[in-house]
Amino acid sequence: MKIKTEADIKAIVRADPWMMDVLRSAEKLGLPDWWIGAGFLRNKVWDVMEGNESQKPKDVDLVYFNPGDVTPETDWAFDEAMKEQYPQVEWEIRNQARMHYVNGFEPYTSTADGISHWVETATCVAVKLEDGELKFLFCYGTDDLFNLVARPTPYFTGDLIKTFHERVEKKQWQKRWPHLKVIDK
């Protein structure tokens, strides 16, 4: 199936009861500036485009921004609370106000800024539920997502480009999505 618009993505997410349930549960946490990103949305879109049976992601990346509490223990408590509801999923709930240190970047200014620093452009996508409405974030637009392209973000160049290639290979993306184009520029 060809996906061409945000409305197409909205219809796909709305039609998936599990995704909608996860989004409703995430909204109830009341986290500031929260989004669920990465494979939760990207994998679903690419699976639909490739005609694959959708697989629930092994992990759910729920990110938010709270500079007033940057302790990892707070995130771990949220992880545990969500694991009680969804024990089959590895939750990664992370405050983007502290996650810049992972790759030695400058502090992020928002959740969107943090997401824009993830490894691949098509991974820098997110969704949330706000008062019953699906909202989307596409840090680098939708071209790579809609065209099955894995490309590093501008932050993963030089020595960090190996992280991009390791992820694509380790996760066996080209096996799962045979039409995926890997572009490292």
# chains A, B, ... in the order shown; residues from 1 in each chain; ligands from 1

call {"tool": "residues_around", "arguments": {"residues": "A:Trp177", "least_positions_apart": "6", "cutoff": "10 Å", "atoms": "only C-alpha atoms", "output": "list in words"}}
result
Asn43, Trp46, Asp47, Met49, Glu50, Gly51, Asn52 and Leu148 of chain A

call {"tool": "write_last_selection", "arguments": {"atoms": "N, CA, C and O atoms", "output": "PDB file, in the first residue's frame"}}
result
ATOM      1  N   ASN A  43       7.900   1.751  12.047  1.00  0.00           N
ATOM      2  CA  ASN A  43       7.710   0.344  11.691  1.00  0.00           C
ATOM      3  C   ASN A  43       6.308   0.082  11.171  1.00  0.00           C
ATOM      4  O   ASN A  43       6.130  -0.685  10.222  1.00  0.00           O
ATOM      5  N   TRP A  46       6.113   1.442   7.579  1.00  0.00           N
ATOM      6  CA  TRP A  46       6.880   0.626   6.639  1.00  0.00           C
ATOM      7  C   TRP A  46       6.286  -0.775   6.485  1.00  0.00           C
ATOM      8  O   TRP A  46       6.294  -1.329   5.389  1.00  0.00           O
ATOM      9  N   ASP A  47       5.757  -1.361   7.558  1.00  0.00           N
ATOM     10  CA  ASP A  47       5.109  -2.672   7.434  1.00  0.00           C
ATOM     11  C   ASP A  47       3.898  -2.600   6.507  1.00  0.00           C
ATOM     12  O   ASP A  47       3.701  -3.467   5.651  1.00  0.00           O
ATOM     13  N   MET A  49       3.380  -0.411   4.148  1.00  0.00           N
ATOM     14  CA  MET A  49       3.858  -0.150   2.781  1.00  0.00           C
ATOM     15  C   MET A  49       4.415  -1.409   2.122  1.00  0.00           C
ATOM     16  O   MET A  49       4.248  -1.604   0.919  1.00  0.00           O
ATOM     17  N   GLU A  50       5.069  -2.245   2.907  1.00  0.00           N
ATOM     18  CA  GLU A  50       5.667  -3.478   2.362  1.00  0.00           C
ATOM     19  C   GLU A  50       4.683  -4.654   2.362  1.00  0.00           C
ATOM     20  O   GLU A  50       5.014  -5.743   1.907  1.00  0.00           O
ATOM     21  N   GLY A  51       3.483  -4.450   2.901  1.00  0.00           N
ATOM     22  CA  GLY A  51       2.508  -5.533   2.951  1.00  0.00           C
ATOM     23  C   GLY A  51       2.833  -6.568   4.008  1.00  0.00           C
ATOM     24  O   GLY A  51       2.344  -7.698   3.954  1.00  0.00           O
ATOM     25  N   ASN A  52       3.655  -6.195   4.987  1.00  0.00           N
ATOM     26  CA  ASN A  52       4.008  -7.104   6.071  1.00  0.00           C
ATOM     27  C   ASN A  52       2.900  -7.154   7.104  1.00  0.00           C
ATOM     28  O   ASN A  52       2.218  -6.157   7.328  1.00  0.00           O
ATOM     29  N   LEU A 148      10.502   4.780   2.025  1.00  0.00           N
ATOM     30  CA  LEU A 148      11.302   3.676   2.560  1.00  0.00           C
ATOM     31  C   LEU A 148      12.792   3.959   2.433  1.00  0.00           C
ATOM     32  O   LEU A 148      13.549   3.206   1.822  1.00  0.00           O
TER      33      LEU A 148
END

call {"tool": "residues_around", "arguments": {"residues": "stretch 28-35 of chain A", "least_positions_apart": "2", "cutoff": "12 Å", "atoms": "only C-alpha atoms", "output": "number ranges by chain"}}
result
A: 21-26, 37-38, 40-41, 60-69, 74-75, 77-79, 81-82, 92-97, 109-115, 124-132, 134-138

call {"tool": "write_last_selection", "arguments": {"atoms": "C-alpha atoms", "output": "PDB file, in the first residue's frame"}}
result
ATOM      1  CA  ASP A  21      -4.655   1.831  23.597  1.00  0.00           C
ATOM      2  CA  VAL A  22      -0.942   2.545  24.117  1.00  0.00           C
ATOM      3  CA  LEU A  23      -1.471   6.183  23.135  1.00  0.00           C
ATOM      4  CA  ARG A  24      -4.419   6.549  25.520  1.00  0.00           C
ATOM      5  CA  SER A  25      -2.341   5.078  28.353  1.00  0.00           C
ATOM      6  CA  ALA A  26       0.575   7.384  27.553  1.00  0.00           C
ATOM      7  CA  GLY A  37       8.351   7.939  18.432  1.00  0.00           C
ATOM      8  CA  ALA A  38      10.808   5.847  16.505  1.00  0.00           C
ATOM      9  CA  PHE A  40       6.282   2.601  17.106  1.00  0.00           C
ATOM     10  CA  LEU A  41       5.279   4.764  14.147  1.00  0.00           C
ATOM     11  CA  VAL A  60       8.070   1.733  22.937  1.00  0.00           C
ATOM     12  CA  ASP A  61      10.000   4.999  23.013  1.00  0.00           C
ATOM     13  CA  LEU A  62       7.924   7.495  24.957  1.00  0.00           C
ATOM     14  CA  VAL A  63       9.777  10.779  25.329  1.00  0.00           C
ATOM     15  CA  TYR A  64       8.961  13.996  27.144  1.00  0.00           C
ATOM     16  CA  PHE A  65      10.661  17.182  28.297  1.00  0.00           C
ATOM     17  CA  ASN A  66      10.921  18.207  31.948  1.00  0.00           C
ATOM     18  CA  PRO A  67      14.029  20.236  32.870  1.00  0.00           C
ATOM     19  CA  GLY A  68      12.796  20.391  36.474  1.00  0.00           C
ATOM     20  CA  ASP A  69      13.471  16.682  37.126  1.00  0.00           C
ATOM     21  CA  THR A  74      11.990   9.187  37.527  1.00  0.00           C
ATOM     22  CA  ASP A  75      12.091   7.679  34.042  1.00  0.00           C
ATOM     23  CA  ALA A  77       9.542   4.598  37.653  1.00  0.00           C
ATOM     24  CA  PHE A  78       7.477   5.503  34.568  1.00  0.00           C
ATOM     25  CA  ASP A  79       8.945   2.483  32.753  1.00  0.00           C
ATOM     26  CA  ALA A  81       4.344   1.691  35.755  1.00  0.00           C
ATOM     27  CA  MET A  82       3.789   1.116  32.037  1.00  0.00           C
ATOM     28  CA  GLU A  92      11.800   3.339  27.319  1.00  0.00           C
ATOM     29  CA  ILE A  93      10.374   6.496  28.834  1.00  0.00           C
ATOM     30  CA  ARG A  94      13.046   9.169  28.693  1.00  0.00           C
ATOM     31  CA  ASN A  95      13.168  12.819  29.611  1.00  0.00           C
ATOM     32  CA  GLN A  96      14.816  14.588  26.690  1.00  0.00           C
ATOM     33  CA  ALA A  97      16.026  17.305  29.063  1.00  0.00           C
ATOM     34  CA  THR A 109      15.535  22.536  24.207  1.00  0.00           C
ATOM     35  CA  SER A 110      12.368  20.457  23.755  1.00  0.00           C
ATOM     36  CA  THR A 111      11.172  16.955  23.030  1.00  0.00           C
ATOM     37  CA  ALA A 112      11.134  17.721  19.299  1.00  0.00           C
ATOM     38  CA  ASP A 113      14.756  18.878  19.518  1.00  0.00           C
ATOM     39  CA  GLY A 114      15.678  15.610  21.241  1.00  0.00           C
ATOM     40  CA  ILE A 115      13.842  13.519  18.645  1.00  0.00           C
ATOM     41  CA  CYS A 124      12.637  11.080  13.902  1.00  0.00           C
ATOM     42  CA  VAL A 125       8.856  10.756  13.762  1.00  0.00           C
ATOM     43  CA  ALA A 126       6.378  10.657  16.591  1.00  0.00           C
ATOM     44  CA  VAL A 127       2.710  10.522  17.463  1.00  0.00           C
ATOM     45  CA  LYS A 128       0.642  11.446  20.473  1.00  0.00           C
ATOM     46  CA  LEU A 129      -2.975  11.596  21.474  1.00  0.00           C
ATOM     47  CA  GLU A 130      -4.221  14.944  22.706  1.00  0.00           C
ATOM     48  CA  ASP A 131      -7.868  15.246  23.725  1.00  0.00           C
ATOM     49  CA  GLY A 132      -8.795  12.393  21.399  1.00  0.00           C
ATOM     50  CA  LEU A 134      -3.809  12.227  16.912  1.00  0.00           C
ATOM     51  CA  LYS A 135      -0.927  14.666  16.521  1.00  0.00           C
ATOM     52  CA  PHE A 136       2.208  13.926  14.518  1.00  0.00           C
ATOM     53  CA  LEU A 137       5.767  15.185  14.565  1.00  0.00           C
ATOM     54  CA  PHE A 138       8.000  14.775  11.505  1.00  0.00           C
TER      55      PHE A 138
END

call {"tool": "atom_distance", "arguments": {"atom1": "atom CA of A:Lys44", "atom2": "atom CA of A:Pro87"}}
result
20.1 Å

call {"tool": "select_by_dssp", "arguments": {"residues": "stretch 117-167 of chain A", "states": "strand (DSSP E)", "output": "VMD selection string"}}
result
chain A and resid 125 to 130 133 to 138 149 to 150

call {"tool": "write_last_selection", "arguments": {"atoms": "C-alpha atoms", "output": "CSV table (one decimal), in the first residue's frame"}}
result
chain,number,residue,atom,x,y,z
A,125,VAL,CA,8.9,10.8,13.8
A,126,ALA,CA,6.4,10.7,16.6
A,127,VAL,CA,2.7,10.5,17.5
A,128,LYS,CA,0.6,11.4,20.5
A,129,LEU,CA,-3.0,11.6,21.5
A,130,GLU,CA,-4.2,14.9,22.7
A,133,GLU,CA,-6.9,13.8,18.4
A,134,LEU,CA,-3.8,12.2,16.9
A,135,LYS,CA,-0.9,14.7,16.5
A,136,PHE,CA,2.2,13.9,14.5
A,137,LEU,CA,5.8,15.2,14.6
A,138,PHE,CA,8.0,14.8,11.5
A,149,VAL,CA,14.6,5.5,3.0
A,150,ALA,CA,17.0,5.0,5.9

call {"tool": "closest_residue", "arguments": {"among": "A:Lys83, A:Lys181, A:Arg176, A:Arg98", "to": "A:Val48", "atoms": "only C-alpha atoms"}}
result
A:Arg176

call {"tool": "closest_residue", "arguments": {"among": "A:Asn147, A:Thr142, A:Met19, A:His117", "to": "A:Met1", "atoms": "only C-alpha atoms"}}
result
A:Asn147

call {"tool": "select_by_dssp", "arguments": {"residues": "stretch 23-100 of chain A", "states": "helix (DSSP H, G or I)", "output": "ChimeraX atom specification"}}
result
/A:23-29,39-50,72-85,99-100

call {"tool": "closest_residue", "arguments": {"among": "A:Glu120, A:Asp143, A:Glu106, A:Asp16", "to": "A:Ile3", "atoms": "only C-alpha atoms"}}
result
A:Asp143

call {"tool": "closest_residue", "arguments": {"among": "A:Trp173, A:Phe146, A:Trp18, A:Tyr155", "to": "A:Gly104", "atoms": "only C-alpha atoms"}}
result
A:Tyr155

call {"tool": "residues_around", "arguments": {"residues": "A:Arg42", "least_positions_apart": "6", "cutoff": "7 Å", "atoms": "only C-alpha atoms", "output": "list in words"}}
result
Ala122, Thr123 and Leu145 of chain A
